[in-house]
Every structure is written in structure tokens, then in C-alpha cells.
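Undergrad: This is the structure, below, for whatever I ask next.
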Amino acid sequence: MTNEFTTAQLLERVTESRIADGDARVRRIAARIIGDLFRAIDELDVQPDEFWAGVDWLTRLGASGQGGLITAGLGFDRLLDIRADEADRRAGREGGTPRAIEGPLYVAGAPLAKYETRVDEGDTPHAEVLVMEGRVLDTEGRPVSGAIVDVWHANEHGRYSHFDPEQAEYALRRRIQTDAQGRYRFRSFIPPGYAIPPGSPTAELFEALGRHGHRPAHIHFLVAASGQRLLTTQINIPGDTFLDDDFAFATRDGLVVSLEPGTPVSGYESLGVTRPFTRVRFDFVLQPALTEDESKPLARMARVAS
Ligand code: BEZ
Ligand code: FE
């Protein structure tokens, strides 16, 4: 056996030599990706300094915890949604609220309320008061009582609690359990868009790619109910500059809501509103779950860890 290799021989040794079976699926995916990278280095004549600059960037990206920003910004999160939509179409699983990416900023275990709550942490003088309300329904139009609507959004500076040390634990994060008629409602404010942290490894790549790192204003939801398929989605606020130019490619046409400014206070006093406010009415429609696993209220990382 020789220890002098051509590129092809090296690739074969890297992907084929082993002392145990390992995991066949991991081996197959790794072999494909390593092979693609070998070819890219060859065809693009990637220089050692370029290669090591990439490794340095990846190391800093990992340390910064921004892997989930990069997957979204490079389109992978939306790709997975497109593929899930295609799989659903092939399986005849139509109907229901469109899915939209979870993003990397979800935190499990937000405070739980029944039917209605304030999601904001007190008045936000420079933001518009928002009340969002509606029902959780199944695809037959029946209300789903006891569903959990897990909602989270950015603060007035576009930052998310937990990742932003200046915010309280679970700020702008709540879970709301629907009532017997499947209803939920909450008060908060219309959040601004999100922007990737300046000076971060993510921003560095986006600068080099000549891309911006802005998301339009949006509010996230995980909606879970027994027997129903977990729904991960977002609503978008109309009129945002980046609505059709989301750095995470996550806007869905069916999820841009209508705003009803000037909604009178009457009937909303329990949410503490004292002046006409902006209302959004939105029903979440859940598909039936085909397996128990599909209805588990697990975010993406908890799902792979479970
Ligand atoms: C967000 O939803 O805010 C988000 C999504 C992907 C990357 C970064 C942020
Ligand atoms: Fe977000």
C-alpha cells in the first residue's frame, strides 16, 4: 500500500477507511459533502490562505453561536420548508396555515396564560399598540380548545430576549392556551424588523457577499395541540421595506396580515388598552397529526435532541 495519493485516492481514503460501521447515513452525507468541497477547492483553485480564512471564520461563527443566523441567511431554513411543502403536496396533505421558518431565536418555557395576556413588558412609548386575536382551528373549521400558542417577537430595537442581556427573562415571549371556543388574544406592540449583529461573523460574511442582513417586521408562533400537527409560523407586518427582501427568505404571501388601526377600546379593557389601537385578526389552522411525534410541542433543536 502506498501513502502517496492523488486527490481521488485521498478522497476515497477519507470517505471509505474506517474501523467500524459507524452510521451509514452520516457516512453517506459526509462523503457527499467532503467530495463536493474537494471538487470546489480544485475547480476554484482555492488558495491555502483562503481555506484557512474560511476555517477561522467557521471557528469564530461556532464560538458566537450564530450558526442559525447563517443557515437562515443562506436559504437553508426556507429550503427545508419548501421541501416540507412539496412532501405535503405529494402526500395530499393540503390546507392549514402555511409554515414559516422557526429561526434561531426561540426559547422554550415562556410563561403560560389562558385565553389572553400581555406579551409586552409594559408600555413601549415609541411603538404602536397591537392586539392580535383569533382562533385555532382544525382543517374542518372546528375550534381547537386547549391549544398552546407560543408567541415571541423582537423588542423595539429589533432584539430578542435571552440573546440580548439587557432584556428580562422571557421578555416578549408568552404561551397562550386557547379557550373552549379555540380563542386566543394578546396585547403587545408592532415590532420593528431584525438585523444581524454588526461586527459579527455573520455580518462579516454578508458584507463580503454584498448582501444586507435585515428581516422585515414579524411575529413568531409555534402552535401545538393534541392530535394536531405542530405549526411553526410567523406573521409579517405589511408595509415593511424588507417585506419582499427578507435576508432569511421567510416571508410567505399568506402570512402578511391586515392591520386594523383605530380599533376602539370597548371589549379590550382587560388587556389594559386605553386608546384606539391596531388590531390583527388571524386564525391558525392546524392539520391533523399523522403520528404522535408530529404533534409534540418541540422546537427544532429540542426535536433533534429528544
Ligand atoms: C428571526 O426570526 O428574527 C431570525 C431568523 C433567522 C435568522 C436570524 C433572525
Ligand atoms: Fe424573528
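Lettering and numbering for the C-alpha cells are positional, with chains as A, B, ... in the shown order, residues counted from 1 in each chain, and ligands counted from 1 in the shown order.
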Applying 9 Å and only C-alpha atoms, which residues near A:His157 remain after dropping the ones on its own chain fewer than 5 positions away? List them as an NGL selection string.
TA: :A and (191-194)
Undergrad: Excluding stretch 229-241 of chain A and residues on its chain fewer than 2 positions from it, collect all residues at most 6 Å away from it, counting only C-alpha atoms, and give them as a ChimeraX atom specification.
TA: /A:99-100,216-224,243,255-256,287-289,294-295
Undergrad: Need to verify the contact set: A:Arg13, 12 Å, only C-alpha atoms, exclusion of same-chain residues closer than 2 positions in sequence. Can you return it as a VMD selection string?
TA: chain A and resid 1 to 11 15 to 18 31 34 to 35
Undergrad: Go ahead and write the residues just picked, C-alpha atoms, as a PDB file, in the first residue's frame.
TA:
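For reference, again-v7.pdb as written:
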```pdb
ATOM      1  CA  MET A   1       0.000   0.000   0.000  1.00  0.00           C
ATOM      2  CA  THR A   2       1.317   3.475  -0.898  1.00  0.00           C
ATOM      3  CA  ASN A   3       0.888   6.559   1.213  1.00  0.00           C
ATOM      4  CA  GLU A   4       1.283   8.887  -1.747  1.00  0.00           C
ATOM      5  CA  PHE A   5      -2.168   9.892  -3.016  1.00  0.00           C
ATOM      6  CA  THR A   6      -3.825  11.588  -5.909  1.00  0.00           C
ATOM      7  CA  THR A   7      -6.796  13.787  -4.923  1.00  0.00           C
ATOM      8  CA  ALA A   8      -9.187  10.998  -5.895  1.00  0.00           C
ATOM      9  CA  GLN A   9      -7.282   8.433  -3.838  1.00  0.00           C
ATOM     10  CA  LEU A  10      -7.209  10.789  -0.838  1.00  0.00           C
ATOM     11  CA  LEU A  11     -10.952  11.348  -1.111  1.00  0.00           C
ATOM     12  CA  THR A  15     -14.572   8.646   2.979  1.00  0.00           C
ATOM     13  CA  GLU A  16     -14.041   4.887   2.871  1.00  0.00           C
ATOM     14  CA  SER A  17     -11.472   3.969   5.505  1.00  0.00           C
ATOM     15  CA  ARG A  18     -12.937   3.001   8.874  1.00  0.00           C
ATOM     16  CA  ALA A  31     -18.833  11.595   1.821  1.00  0.00           C
ATOM     17  CA  ILE A  34     -16.491  16.287   1.540  1.00  0.00           C
ATOM     18  CA  GLY A  35     -16.391  15.245  -2.123  1.00  0.00           C
TER      19      GLY A  35
END
```
Undergrad: Hey, what's within 8 Å of A:Arg135 if we count only C-alpha atoms and toss same-chain stuff fewer than 3 positions away? As a list of chain:residue names, please?
TA: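 Skipping anything fewer than 3 positions along the chain leaves A:Pro143, A:Val144, A:Thr178, A:Gln181, A:Gly182, A:Arg183, A:Tyr184, A:Phe282, A:Asp283, A:Phe284.
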Undergrad: Show me, as JSON, numbers by chain, the residues that have an atom within 10 Å of A:Arg159 when counting only C-alpha atoms, minus same-chain residues fewer than 3 positions from it.
TA: {"A": [105, 153, 154, 155, 156, 162, 163, 164, 165, 166, 167, 191, 192, 193, 194, 195, 196, 197]}
Undergrad: Work out how far atom CA of A:Ile82 is from atom CA of A:Thr139, in Å to one decimal.
TA: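 Pair atom CA of A:Thr139 / atom CA of A:Ile82 returns 20.6 Å.
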Undergrad: Using only C-alpha atoms and all ligand atoms, find each protein or nucleic acid residue lying at most 7 Å from ligand 1; present the set as a list in words.
TA: Gly68, Leu69, Ala72, Gly73, Glu102, Gly103, Pro104, Leu105, Tyr194, Ile196, Arg215 and Ala248 of chain A
Undergrad: Run DSSP on the backbone and give me the residues of stretch 18-99 of chain A it puts in helix (DSSP H, G or I), as an MDAnalysis selection string.
TA: chainID A and resid 24:43 48:64 67:73 76:90
Undergrad: Between A:Ala250, A:Leu130, A:Ala40, A:Ile19, which is the closest to ligand 2 once you count only C-alpha atoms and all ligand atoms?
TA: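 Looking at the shortest contact to ligand 2, the residue is A:Ala250.
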Undergrad: Excluding A:Met132 and any residue of its chain fewer than 6 positions from it, enumerate the residues within 10 Å of it, using only C-alpha atoms, and give them as a PyMOL selection string.
TA: chain A and resi 116+184-189+259+278-283
Undergrad: Since we have the selection now, will you write its residues out, keeping all heavy atoms, as a CSV table (one decimal), in the first residue's frame?
TA:
```csv
chain,number,residue,atom,x,y,z
A,116,GLU,N,-56.0,35.0,27.2
A,116,GLU,CA,-55.5,36.3,26.8
A,116,GLU,C,-54.3,36.7,27.8
A,116,GLU,O,-54.2,36.3,28.9
A,116,GLU,CB,-56.5,37.4,26.9
A,116,GLU,CG,-57.1,37.7,28.2
A,116,GLU,CD,-58.0,38.9,28.3
A,116,GLU,OE1,-58.3,39.5,27.2
A,116,GLU,OE2,-58.3,39.4,29.4
A,184,TYR,N,-57.8,32.9,21.3
A,184,TYR,CA,-56.6,33.4,22.0
A,184,TYR,C,-56.6,34.9,21.7
A,184,TYR,O,-57.2,35.4,20.7
A,184,TYR,CB,-55.3,32.8,21.5
A,184,TYR,CG,-54.9,33.4,20.1
A,184,TYR,CD1,-54.1,34.5,19.9
A,184,TYR,CD2,-55.5,32.8,18.9
A,184,TYR,CE1,-53.9,35.1,18.7
A,184,TYR,CE2,-55.2,33.4,17.7
A,184,TYR,CZ,-54.4,34.5,17.6
A,184,TYR,OH,-54.1,35.0,16.3
A,185,ARG,N,-56.0,35.7,22.5
A,185,ARG,CA,-55.7,37.1,22.2
A,185,ARG,C,-54.6,37.6,23.0
A,185,ARG,O,-54.4,37.2,24.2
A,185,ARG,CB,-56.9,38.0,22.2
A,185,ARG,CG,-57.5,38.3,23.5
A,185,ARG,CD,-58.7,39.3,23.4
A,185,ARG,NE,-59.1,39.8,24.6
A,185,ARG,CZ,-60.2,40.6,24.8
A,185,ARG,NH1,-60.8,41.1,23.7
A,185,ARG,NH2,-60.5,41.1,26.0
A,186,PHE,N,-53.8,38.5,22.5
A,186,PHE,CA,-52.7,39.1,23.3
A,186,PHE,C,-52.5,40.6,22.9
A,186,PHE,O,-52.9,41.0,21.7
A,186,PHE,CB,-51.4,38.3,23.2
A,186,PHE,CG,-50.8,38.3,21.8
A,186,PHE,CD1,-50.0,39.3,21.4
A,186,PHE,CD2,-51.0,37.2,20.9
A,186,PHE,CE1,-49.3,39.3,20.1
A,186,PHE,CE2,-50.5,37.2,19.7
A,186,PHE,CZ,-49.6,38.2,19.3
A,187,ARG,N,-52.0,41.3,23.8
A,187,ARG,CA,-51.6,42.7,23.5
A,187,ARG,C,-50.1,42.8,23.5
A,187,ARG,O,-49.4,42.2,24.3
A,187,ARG,CB,-52.1,43.6,24.7
A,187,ARG,CG,-51.5,45.0,24.5
A,187,ARG,CD,-51.9,45.9,25.7
A,187,ARG,NE,-51.2,47.1,25.6
A,187,ARG,CZ,-51.4,48.2,26.4
A,187,ARG,NH1,-52.3,48.1,27.3
A,187,ARG,NH2,-50.6,49.2,26.3
A,188,SER,N,-49.5,43.5,22.5
A,188,SER,CA,-48.1,43.8,22.5
A,188,SER,C,-47.9,45.1,21.7
A,188,SER,O,-48.8,46.0,21.8
A,188,SER,CB,-47.3,42.6,22.0
A,188,SER,OG,-46.0,42.8,22.3
A,189,PHE,N,-46.9,45.2,21.0
A,189,PHE,CA,-46.7,46.3,20.1
A,189,PHE,C,-46.1,45.8,18.8
A,189,PHE,O,-45.7,44.7,18.7
A,189,PHE,CB,-45.7,47.3,20.7
A,189,PHE,CG,-44.3,46.8,21.1
A,189,PHE,CD1,-43.3,46.7,20.1
A,189,PHE,CD2,-44.1,46.3,22.3
A,189,PHE,CE1,-42.1,46.1,20.4
A,189,PHE,CE2,-42.8,45.7,22.6
A,189,PHE,CZ,-41.9,45.7,21.7
A,259,LEU,N,-53.7,45.1,8.9
A,259,LEU,CA,-53.7,45.9,10.2
A,259,LEU,C,-55.0,46.6,10.2
A,259,LEU,O,-55.5,47.1,9.2
A,259,LEU,CB,-52.6,46.8,10.2
A,259,LEU,CG,-51.1,46.3,10.2
A,259,LEU,CD1,-50.1,47.4,10.3
A,259,LEU,CD2,-50.9,45.2,11.2
A,278,THR,N,-54.2,49.2,17.2
A,278,THR,CA,-54.1,48.4,15.9
A,278,THR,C,-54.4,47.0,16.3
A,278,THR,O,-53.8,46.4,17.1
A,278,THR,CB,-52.8,48.5,15.3
A,278,THR,OG1,-52.6,49.9,14.9
A,278,THR,CG2,-52.7,47.7,14.0
A,279,ARG,N,-55.4,46.4,15.5
A,279,ARG,CA,-55.8,45.0,15.7
A,279,ARG,C,-55.4,44.2,14.5
A,279,ARG,O,-55.4,44.7,13.4
A,279,ARG,CB,-57.3,45.0,15.9
A,279,ARG,CG,-57.8,43.5,16.1
A,279,ARG,CD,-59.3,43.5,16.5
A,279,ARG,NE,-60.1,44.0,15.4
A,279,ARG,CZ,-61.5,44.0,15.5
A,279,ARG,NH1,-62.1,43.5,16.6
A,279,ARG,NH2,-62.2,44.4,14.5
A,280,VAL,N,-55.0,43.0,14.8
A,280,VAL,CA,-54.8,42.0,13.8
A,280,VAL,C,-55.6,40.8,14.1
A,280,VAL,O,-55.6,40.3,15.3
A,280,VAL,CB,-53.3,41.6,13.7
A,280,VAL,CG1,-53.1,40.3,12.9
A,280,VAL,CG2,-52.4,42.7,13.2
A,281,ARG,N,-56.5,40.4,13.2
A,281,ARG,CA,-57.2,39.2,13.4
A,281,ARG,C,-56.6,38.0,12.6
A,281,ARG,O,-56.4,38.2,11.4
A,281,ARG,CB,-58.7,39.4,13.0
A,281,ARG,CG,-59.4,40.3,14.1
A,281,ARG,CD,-60.8,40.5,13.8
A,281,ARG,NE,-61.0,41.4,12.7
A,281,ARG,CZ,-62.2,41.7,12.2
A,281,ARG,NH1,-63.3,41.2,12.6
A,281,ARG,NH2,-62.2,42.6,11.2
A,282,PHE,N,-56.4,36.9,13.2
A,282,PHE,CA,-55.7,35.8,12.5
A,282,PHE,C,-56.1,34.5,13.1
A,282,PHE,O,-55.9,34.3,14.3
A,282,PHE,CB,-54.2,36.0,12.5
A,282,PHE,CG,-53.4,35.1,11.6
A,282,PHE,CD1,-53.2,35.5,10.3
A,282,PHE,CD2,-52.9,33.9,12.0
A,282,PHE,CE1,-52.6,34.7,9.4
A,282,PHE,CE2,-52.3,33.1,11.2
A,282,PHE,CZ,-52.1,33.4,9.9
A,283,ASP,N,-56.6,33.6,12.3
A,283,ASP,CA,-56.9,32.2,12.8
A,283,ASP,C,-55.8,31.3,12.3
A,283,ASP,O,-55.3,31.4,11.2
A,283,ASP,CB,-58.2,31.7,12.2
A,283,ASP,CG,-59.4,32.4,12.7
A,283,ASP,OD1,-59.3,33.0,13.8
A,283,ASP,OD2,-60.5,32.4,12.1
```
Undergrad: Could you check the closest approach to A:Trp57 for each of A:Gly92, A:Gly254, A:Pro201, A:Gly122 and tell me which residue wins, using only C-alpha atoms?
TA: A:Pro201
Undergrad: Taking the DSSP secondary structure from the backbone, can you list the residues of stretch 90-192 of chain A that are strand (DSSP E), as a ChimeraX atom specification?
TA: /A:112-114,116-118,129-138,148-152,173-177,183-189
